[in-house]
file data22.tsv (TSV, C-alpha atoms)
chain	number	residue	atom	x	y	z
A	1320	MET	CA	21.00	8.45	-23.94
A	1321	THR	CA	23.81	6.48	-22.39
A	1322	GLU	CA	23.43	3.76	-19.86
A	1323	SER	CA	25.33	1.08	-18.10
A	1324	SER	CA	24.26	-1.56	-15.67
A	1325	SER	CA	25.78	-4.38	-13.75
A	1326	HIS	CA	24.59	-7.26	-11.70
A	1327	HIS	CA	27.07	-8.96	-9.45
A	1328	ASP	CA	27.53	-10.72	-6.17
A	1329	SER	CA	29.08	-8.73	-3.36
A	1330	SER	CA	31.38	-10.17	-0.74
A	1331	SER	CA	28.37	-10.84	1.48
A	1332	GLY	CA	27.04	-13.14	-1.21
A	1333	GLN	CA	23.91	-11.11	-1.83
A	1334	ALA	CA	23.21	-10.01	-5.35
A	1335	GLU	CA	23.29	-6.31	-6.04
A	1336	TRP	CA	22.16	-4.35	-9.03
A	1337	GLN	CA	23.30	-0.98	-10.20
A	1338	LYS	CA	22.64	1.12	-13.20
A	1339	SER	CA	23.44	4.60	-14.44
A	1340	ILE	CA	21.52	6.32	-17.19
A	1341	ASP	CA	21.18	9.77	-18.74
A	1342	LEU	CA	17.56	10.77	-19.28
A	1343	PRO	CA	16.43	13.42	-21.76
A	1344	SER	CA	14.70	16.43	-20.22
A	1345	GLU	CA	11.26	15.44	-21.45
A	1346	ARG	CA	8.07	14.81	-19.55
A	1347	GLY	CA	7.61	11.09	-18.99
A	1348	ALA	CA	11.32	10.29	-19.37
A	1349	SER	CA	11.36	8.65	-15.93
A	1350	ARG	CA	9.79	5.59	-17.50
A	1351	LEU	CA	13.17	4.84	-19.16
A	1352	ILE	CA	14.49	3.72	-15.77
A	1353	MET	CA	11.47	3.24	-13.54
A	1354	GLU	CA	10.13	-0.05	-14.83
A	1355	GLU	CA	13.48	-1.75	-14.48
A	1356	LEU	CA	14.09	-0.24	-11.05
A	1357	LEU	CA	10.71	-1.49	-9.81
A	1358	ASP	CA	11.36	-4.96	-11.25
A	1359	ARG	CA	14.74	-5.13	-9.52
A	1360	LEU	CA	13.26	-4.02	-6.20
A	1361	GLY	CA	10.76	-6.88	-6.44
A	1362	GLU	CA	13.51	-9.35	-7.33
A	1363	HIS	CA	15.53	-8.22	-4.32
A	1364	GLY	CA	12.64	-8.96	-2.00
A	1365	TRP	CA	11.40	-5.46	-1.23
A	1366	ALA	CA	7.81	-5.35	0.04
A	1367	SER	CA	5.15	-3.73	-2.11
A	1368	ALA	CA	4.66	-0.84	0.35
A	1369	ASP	CA	8.39	-0.03	0.18
A	1370	ILE	CA	8.35	-0.30	-3.60
A	1371	PHE	CA	5.46	2.18	-3.65
A	1372	SER	CA	7.46	4.61	-1.48
A	1373	ILE	CA	10.64	4.32	-3.52
A	1374	HIS	CA	8.68	4.62	-6.77
A	1375	LEU	CA	7.00	7.80	-5.57
A	1376	ALA	CA	10.22	9.36	-4.26
A	1377	ALA	CA	12.17	8.54	-7.44
A	1378	GLU	CA	9.36	9.75	-9.69
A	1379	GLU	CA	8.99	13.06	-7.83
A	1380	ALA	CA	12.75	13.69	-7.81
A	1381	ILE	CA	13.20	12.89	-11.51
A	1382	VAL	CA	10.23	15.08	-12.48
A	1383	ASN	CA	11.67	17.92	-10.37
A	1384	ALA	CA	15.05	17.52	-12.10
A	1385	ILE	CA	13.52	17.51	-15.57
A	1386	VAL	CA	10.95	20.28	-15.07
A	1387	HIS	CA	12.40	22.59	-12.39
A	1388	GLY	CA	16.12	21.77	-12.77
A	1389	ASN	CA	16.64	21.45	-16.51
A	1390	LYS	CA	13.45	23.36	-17.38
A	1391	LEU	CA	12.66	20.79	-20.10
A	1392	SER	CA	15.71	21.96	-22.08
A	1393	ALA	CA	16.47	19.60	-24.98
A	1394	ASP	CA	20.25	19.99	-24.59
A	1395	LYS	CA	20.31	19.04	-20.90
A	1396	LYS	CA	20.30	15.58	-19.38
A	1397	VAL	CA	19.27	14.17	-16.03
A	1398	HIS	CA	21.81	11.67	-14.76
A	1399	VAL	CA	20.39	8.89	-12.60
A	1400	GLU	CA	22.38	6.32	-10.66
A	1401	CYS	CA	20.61	3.46	-8.94
A	1402	PHE	CA	21.87	0.85	-6.52
A	1403	VAL	CA	19.65	-1.94	-5.23
A	1404	SER	CA	20.53	-4.65	-2.73
A	1405	PRO	CA	18.20	-6.67	-0.49
A	1406	THR	CA	18.72	-4.17	2.34
A	1407	THR	CA	19.53	-0.83	0.72
A	1408	VAL	CA	18.33	1.26	-2.18
A	1409	ARG	CA	20.27	4.32	-3.27
A	1410	ILE	CA	19.23	6.68	-6.04
A	1411	GLU	CA	21.26	9.72	-7.05
A	1412	ILE	CA	19.75	12.21	-9.45
A	1413	THR	CA	21.73	15.07	-10.98
A	1414	ASP	CA	20.41	17.74	-13.29
A	1415	GLU	CA	22.19	20.51	-15.20
A	1416	GLY	CA	20.16	23.35	-13.73
A	1417	ASP	CA	21.08	26.10	-11.29
A	1418	GLY	CA	20.03	24.10	-8.24
A	1419	PHE	CA	17.50	24.86	-5.53
A	1420	LYS	CA	17.51	25.32	-1.77
A	1421	PRO	CA	15.44	22.55	-0.19
A	1422	ASP	CA	15.04	24.60	3.02
A	1423	GLU	CA	13.25	27.31	1.08
A	1424	VAL	CA	10.48	25.07	-0.25
A	1425	PRO	CA	7.36	26.24	1.63
A	1426	ASP	CA	5.77	23.78	4.06
A	1427	CYS	CA	2.65	22.58	2.26
A	1428	THR	CA	1.17	21.20	5.50
A	1429	GLN	CA	0.73	24.65	7.05
A	1430	ASP	CA	-2.97	25.52	7.26
A	1431	ASP	CA	-2.67	28.46	4.87
A	1432	ARG	CA	-0.90	26.32	2.26
A	1433	LEU	CA	-2.89	23.09	2.57
A	1434	GLU	CA	-5.00	23.89	-0.46
A	1435	VAL	CA	-2.19	25.11	-2.71
A	1436	PRO	CA	-2.07	22.52	-5.51
A	1437	ASN	CA	1.70	22.11	-5.89
A	1438	GLY	CA	4.86	21.74	-3.82
A	1439	ARG	CA	4.40	18.33	-2.22
A	1440	GLY	CA	7.06	16.30	-4.04
A	1441	VAL	CA	10.03	17.19	-1.83
A	1442	MET	CA	8.05	16.53	1.35
A	1443	LEU	CA	7.02	13.08	0.10
A	1444	ILE	CA	10.62	12.23	-0.80
A	1445	HIS	CA	11.80	13.11	2.71
A	1446	ASN	CA	9.04	11.10	4.36
A	1447	PHE	CA	9.44	8.01	2.26
A	1448	MET	CA	13.23	7.70	2.21
A	1449	THR	CA	15.56	6.97	5.13
A	1450	ARG	CA	18.16	9.57	4.13
A	1451	VAL	CA	18.02	12.45	1.67
A	1452	GLU	CA	21.00	14.68	0.94
A	1453	TYR	CA	21.61	17.48	-1.54
A	1454	ASN	CA	24.87	18.86	-2.84
A	1455	GLU	CA	25.67	22.48	-2.03
A	1456	LYS	CA	24.53	23.75	-5.41
A	1457	GLY	CA	21.22	21.95	-5.06
A	1458	ASN	CA	21.24	20.22	-8.43
A	1459	ARG	CA	21.95	16.75	-7.08
A	1460	VAL	CA	19.92	14.67	-4.66
A	1461	LEU	CA	21.02	11.43	-3.08
A	1462	MET	CA	18.30	9.40	-1.47
A	1463	GLU	CA	18.58	6.15	0.34
A	1464	LYS	CA	16.14	3.72	1.85
A	1465	VAL	CA	17.28	1.05	4.28
A	1466	ARG	CA	14.91	-1.79	4.82
A	1467	ASP	CA	13.27	-1.95	8.24
A	1468	THR	CA	14.53	-4.92	10.20
B	1016	MET	CA	-23.24	12.83	-21.36
B	1017	ALA	CA	-19.69	13.91	-22.00
B	1018	GLN	CA	-17.13	11.44	-23.28
B	1019	TYR	CA	-14.27	10.63	-20.93
B	1020	ARG	CA	-10.88	8.99	-21.42
B	1021	ARG	CA	-9.42	9.10	-17.93
B	1022	ILE	CA	-12.50	8.57	-15.78
B	1023	GLY	CA	-15.80	6.71	-15.71
B	1024	VAL	CA	-18.87	8.46	-14.34
B	1025	THR	CA	-22.10	6.95	-13.04
B	1026	GLN	CA	-24.86	8.67	-11.12
B	1027	ASN	CA	-26.54	7.47	-7.95
B	1028	ASN	CA	-29.31	9.78	-6.82
B	1029	ASP	CA	-27.68	13.18	-7.28
B	1030	VAL	CA	-24.13	12.00	-6.65
B	1031	ALA	CA	-21.67	11.61	-9.52
B	1032	ILE	CA	-19.57	8.54	-8.77
B	1033	VAL	CA	-16.20	8.79	-10.50
B	1034	SER	CA	-13.82	5.90	-11.12
B	1035	PHE	CA	-10.33	6.21	-12.58
B	1036	ASN	CA	-9.27	4.39	-15.75
B	1037	ASP	CA	-5.53	4.52	-14.97
B	1038	LYS	CA	-3.94	2.30	-12.33
B	1039	LYS	CA	-0.98	4.66	-12.17
B	1040	ILE	CA	-1.73	8.37	-12.28
B	1041	LEU	CA	1.70	9.87	-12.91
B	1042	ASP	CA	2.11	10.76	-16.56
B	1043	GLU	CA	1.99	14.53	-16.95
B	1044	ALA	CA	-0.18	14.53	-20.09
B	1045	SER	CA	-2.64	12.06	-18.55
B	1046	ILE	CA	-2.84	14.15	-15.39
B	1047	GLN	CA	-3.65	17.27	-17.42
B	1048	GLU	CA	-6.39	15.36	-19.21
B	1049	LEU	CA	-7.65	13.91	-15.95
B	1050	GLY	CA	-7.82	17.38	-14.42
B	1051	ALA	CA	-9.78	18.76	-17.38
B	1052	GLU	CA	-12.29	15.90	-17.19
B	1053	LEU	CA	-12.72	16.24	-13.42
B	1054	PHE	CA	-13.11	20.03	-13.56
B	1055	GLY	CA	-15.65	19.58	-16.38
B	1056	LEU	CA	-17.90	17.69	-13.98
B	1057	VAL	CA	-18.26	20.87	-11.95
B	1058	GLU	CA	-17.87	23.54	-14.61
B	1059	GLN	CA	-19.77	22.02	-17.54
B	1060	GLN	CA	-21.96	19.27	-16.09
B	1061	SER	CA	-22.79	21.33	-12.97
B	1062	MET	CA	-22.59	18.24	-10.79
B	1063	GLY	CA	-22.93	19.20	-7.15
B	1064	ASP	CA	-21.94	16.12	-5.19
B	1065	ILE	CA	-18.98	14.05	-6.35
B	1066	LEU	CA	-17.62	10.78	-5.01
B	1067	LEU	CA	-14.17	9.72	-6.20
B	1068	ASN	CA	-13.75	5.95	-5.98
B	1069	PHE	CA	-10.05	5.01	-5.93
B	1070	THR	CA	-10.54	1.22	-6.19
B	1071	ASN	CA	-8.55	1.03	-9.40
B	1072	VAL	CA	-5.74	3.39	-8.38
B	1073	GLU	CA	-2.42	1.87	-7.31
B	1074	PHE	CA	-0.19	4.93	-7.59
B	1075	LEU	CA	-0.48	8.67	-7.89
B	1076	SER	CA	2.08	11.45	-7.98
B	1077	SER	CA	2.07	14.85	-6.33
B	1078	ALA	CA	0.94	16.42	-9.63
B	1079	ALA	CA	-2.22	14.30	-9.39
B	1080	LEU	CA	-2.69	15.49	-5.79
B	1081	GLY	CA	-2.67	19.03	-7.16
B	1082	LYS	CA	-5.60	18.24	-9.45
B	1083	LEU	CA	-7.56	16.71	-6.57
B	1084	ILE	CA	-6.97	19.82	-4.46
B	1085	THR	CA	-8.10	22.10	-7.27
B	1086	LEU	CA	-11.18	19.93	-7.87
B	1087	ASP	CA	-12.05	20.04	-4.17
B	1088	ARG	CA	-11.83	23.85	-4.23
B	1089	LYS	CA	-14.04	24.06	-7.33
B	1090	VAL	CA	-16.65	21.74	-5.78
B	1091	LYS	CA	-16.69	23.73	-2.54
B	1092	ALA	CA	-16.92	27.02	-4.46
B	1093	SER	CA	-20.02	25.75	-6.24
B	1094	LYS	CA	-21.53	24.66	-2.91
B	1095	GLY	CA	-21.17	20.99	-3.74
B	1096	ARG	CA	-19.62	18.22	-1.69
B	1097	MET	CA	-16.71	15.94	-2.60
B	1098	LYS	CA	-15.85	12.66	-0.92
B	1099	MET	CA	-13.32	9.93	-1.64
B	1100	CYS	CA	-13.46	6.20	-0.97
B	1101	ASN	CA	-11.65	2.87	-1.46
B	1102	ILE	CA	-8.21	4.39	-1.02
B	1103	ARG	CA	-5.50	1.80	-0.54
B	1104	PRO	CA	-3.18	2.18	2.49
B	1105	GLU	CA	-0.13	3.37	0.55
B	1106	ILE	CA	-2.08	6.21	-1.04
B	1107	PHE	CA	-3.80	7.08	2.23
B	1108	GLU	CA	-0.30	7.45	3.71
B	1109	VAL	CA	0.46	10.01	0.99
B	1110	PHE	CA	-2.63	11.95	2.09
B	1111	GLN	CA	-1.53	11.71	5.73
B	1112	ILE	CA	2.04	12.90	5.07
B	1113	THR	CA	0.74	15.90	3.13
B	1114	LYS	CA	-2.10	16.39	5.66
B	1115	LEU	CA	-4.60	16.29	2.82
B	1116	ASN	CA	-6.63	13.86	4.92
B	1117	LYS	CA	-7.67	17.03	6.80
B	1118	VAL	CA	-8.80	18.68	3.56
B	1119	PHE	CA	-10.51	15.73	1.89
B	1120	ASP	CA	-13.54	13.84	3.22
B	1121	ILE	CA	-12.25	10.26	3.01
B	1122	ARG	CA	-14.62	7.32	3.52
B	1123	LYS	CA	-14.07	3.57	3.61
B	1124	ASP	CA	-16.24	2.53	0.68
B	1125	GLU	CA	-19.11	3.66	-1.55
B	1126	THR	CA	-21.79	2.57	0.91
B	1127	GLU	CA	-20.31	4.61	3.74
B	1128	ALA	CA	-19.75	7.59	1.45
B	1129	MET	CA	-23.30	7.50	0.09
B	1130	THR	CA	-24.69	7.35	3.63
B	1131	ALA	CA	-22.59	10.39	4.50
B	1132	PHE	CA	-24.02	12.31	1.54
B	1133	GLY	CA	-27.44	11.59	3.10
call {"tool": "encode", "arguments": {"input": "data22.tsv", "output": "structure tokens"}}
result
Amino acid sequence: MTESSSHHDSSSGQAEWQKSIDLPSERGASRLIMEELLDRLGEHGWASADIFSIHLAAEEAIVNAIVHGNKLSADKKVHVECFVSPTTVRIEITDEGDGFKPDEVPDCTQDDRLEVPNGRGVMLIHNFMTRVEYNEKGNRVLMEKVRDT
Amino acid sequence: MAQYRRIGVTQNNDVAIVSFNDKKILDEASIQELGAELFGLVEQQSMGDILLNFTNVEFLSSAALGKLITLDRKVKASKGRMKMCNIRPEIFEVFQITKLNKVFDIRKDETEAMTAFG
């Protein structure tokens, strides 16, 4: 596991925090970054409802990368980059899998799929974050939340 | 009575009132255990009516939603009824986004839920 983090003042004078870390492809590995991310969000003045949303989106995306992307393979890592400022949160998650096509994830809110137990993570990510983008291969997701003014 | 690690169970009339021991329901192993304990209420204890009280729950992941959906199906299949109460706004929003508020019978608190059981 490698990691680096920095805390500095930007030109606007507002403190920013960023960190990059490689997570092992094990269930529960998200906790290696999540606690610190949540602490930093609180320190940067994010409201508890926003922190809930960001927590859920990050958790779902990291679990997807570990389980569906890297298929829990011990020799693959999930690379996570976080950026937190008082107005913007950006989280980029990259796995070493074959990628997926977000458009092909079935809509779990259709009546005939409402009671299917899985497949809700991607929908929650899109609802809770301001912007969500994937690379062409589909093994990297960039999600951003901008604080409501 | 069965022993539980993830839930607490009390009975009021014929309704099993279930509370959750974990504030954050997101760890995969815990969710598996939670699912097994919840399904046991229907499959081993033959409890008909179940009320899930979310007072203690601050966070749950989509994997936990999956267990709730499966539980709801098992309860309905055994002709029981399942209701939920004391859901905080952030979690209710998760139910709204996924439209599970149309699947689940969600009540404000235990009193309202118990009245609805009749």
call {"tool": "residues_around", "arguments": {"input": "data22.tsv", "residues": "B:Ile1084", "least_positions_apart": "4", "cutoff": "8 Å", "atoms": "all atoms listed in the file", "output": "list in words"}}
result
Glu1434, Val1435 and Pro1436 of chain A; Leu1080 and Arg1088 of chain B
call {"tool": "write_last_selection", "arguments": {"input": "data22.tsv", "atoms": "C-alpha atoms", "output": "short mmCIF file (atom, residue, chain, number, x, y, z; two decimals), keeping the file's coordinate frame"}}
result
data_model
loop_
_atom_site.label_atom_id
_atom_site.label_comp_id
_atom_site.auth_asym_id
_atom_site.auth_seq_id
_atom_site.Cartn_x
_atom_site.Cartn_y
_atom_site.Cartn_z
CA GLU A 1434 -5.00 23.89 -0.46
CA VAL A 1435 -2.19 25.11 -2.71
CA PRO A 1436 -2.07 22.52 -5.51
CA LEU B 1080 -2.69 15.49 -5.79
CA ARG B 1088 -11.83 23.85 -4.23
#
call {"tool": "closest_residue", "arguments": {"input": "data22.tsv", "among": "A:Lys1396, A:Lys1390, A:Arg1432, A:Arg1466", "to": "A:Met1448", "atoms": "all atoms listed in the file"}}
result
A:Arg1466
call {"tool": "interface_residues", "arguments": {"input": "data22.tsv", "of": "chain A", "to": "chain B", "cutoff": "6 Å", "atoms": "all atoms listed in the file", "output": "PyMOL selection string"}}
result
chain A and resi 1428+1436-1437+1439-1440
call {"tool": "residues_around", "arguments": {"input": "data22.tsv", "residues": "stretch 1370-1379 of chain A", "least_positions_apart": "4", "cutoff": "7 Å", "atoms": "all atoms listed in the file", "output": "compact mmCIF listing (two decimals) with C-alpha atoms, keeping the file's coordinate frame"}}
result
# COMPACT_ATOMS: atom_id res chain seq x y z
CA SER A 1349 11.36 8.65 -15.93
CA LEU A 1357 10.71 -1.49 -9.81
CA LEU A 1360 13.26 -4.02 -6.20
CA TRP A 1365 11.40 -5.46 -1.23
CA ALA A 1366 7.81 -5.35 0.04
CA ASN A 1383 11.67 17.92 -10.37
CA GLY A 1440 7.06 16.30 -4.04
CA LEU A 1443 7.02 13.08 0.10
CA ILE A 1444 10.62 12.23 -0.80
CA PHE A 1447 9.44 8.01 2.26
CA SER B 1076 2.08 11.45 -7.98
call {"tool": "atom_distance", "arguments": {"input": "data22.tsv", "atom1": "atom CA of B:Asp1120", "atom2": "atom CA of A:Val1382"}}
result
28.5 Å
call {"tool": "atom_distance", "arguments": {"input": "data22.tsv", "atom1": "atom CA of B:Asn1101", "atom2": "atom CA of B:Ala1128"}}
result
9.8 Å
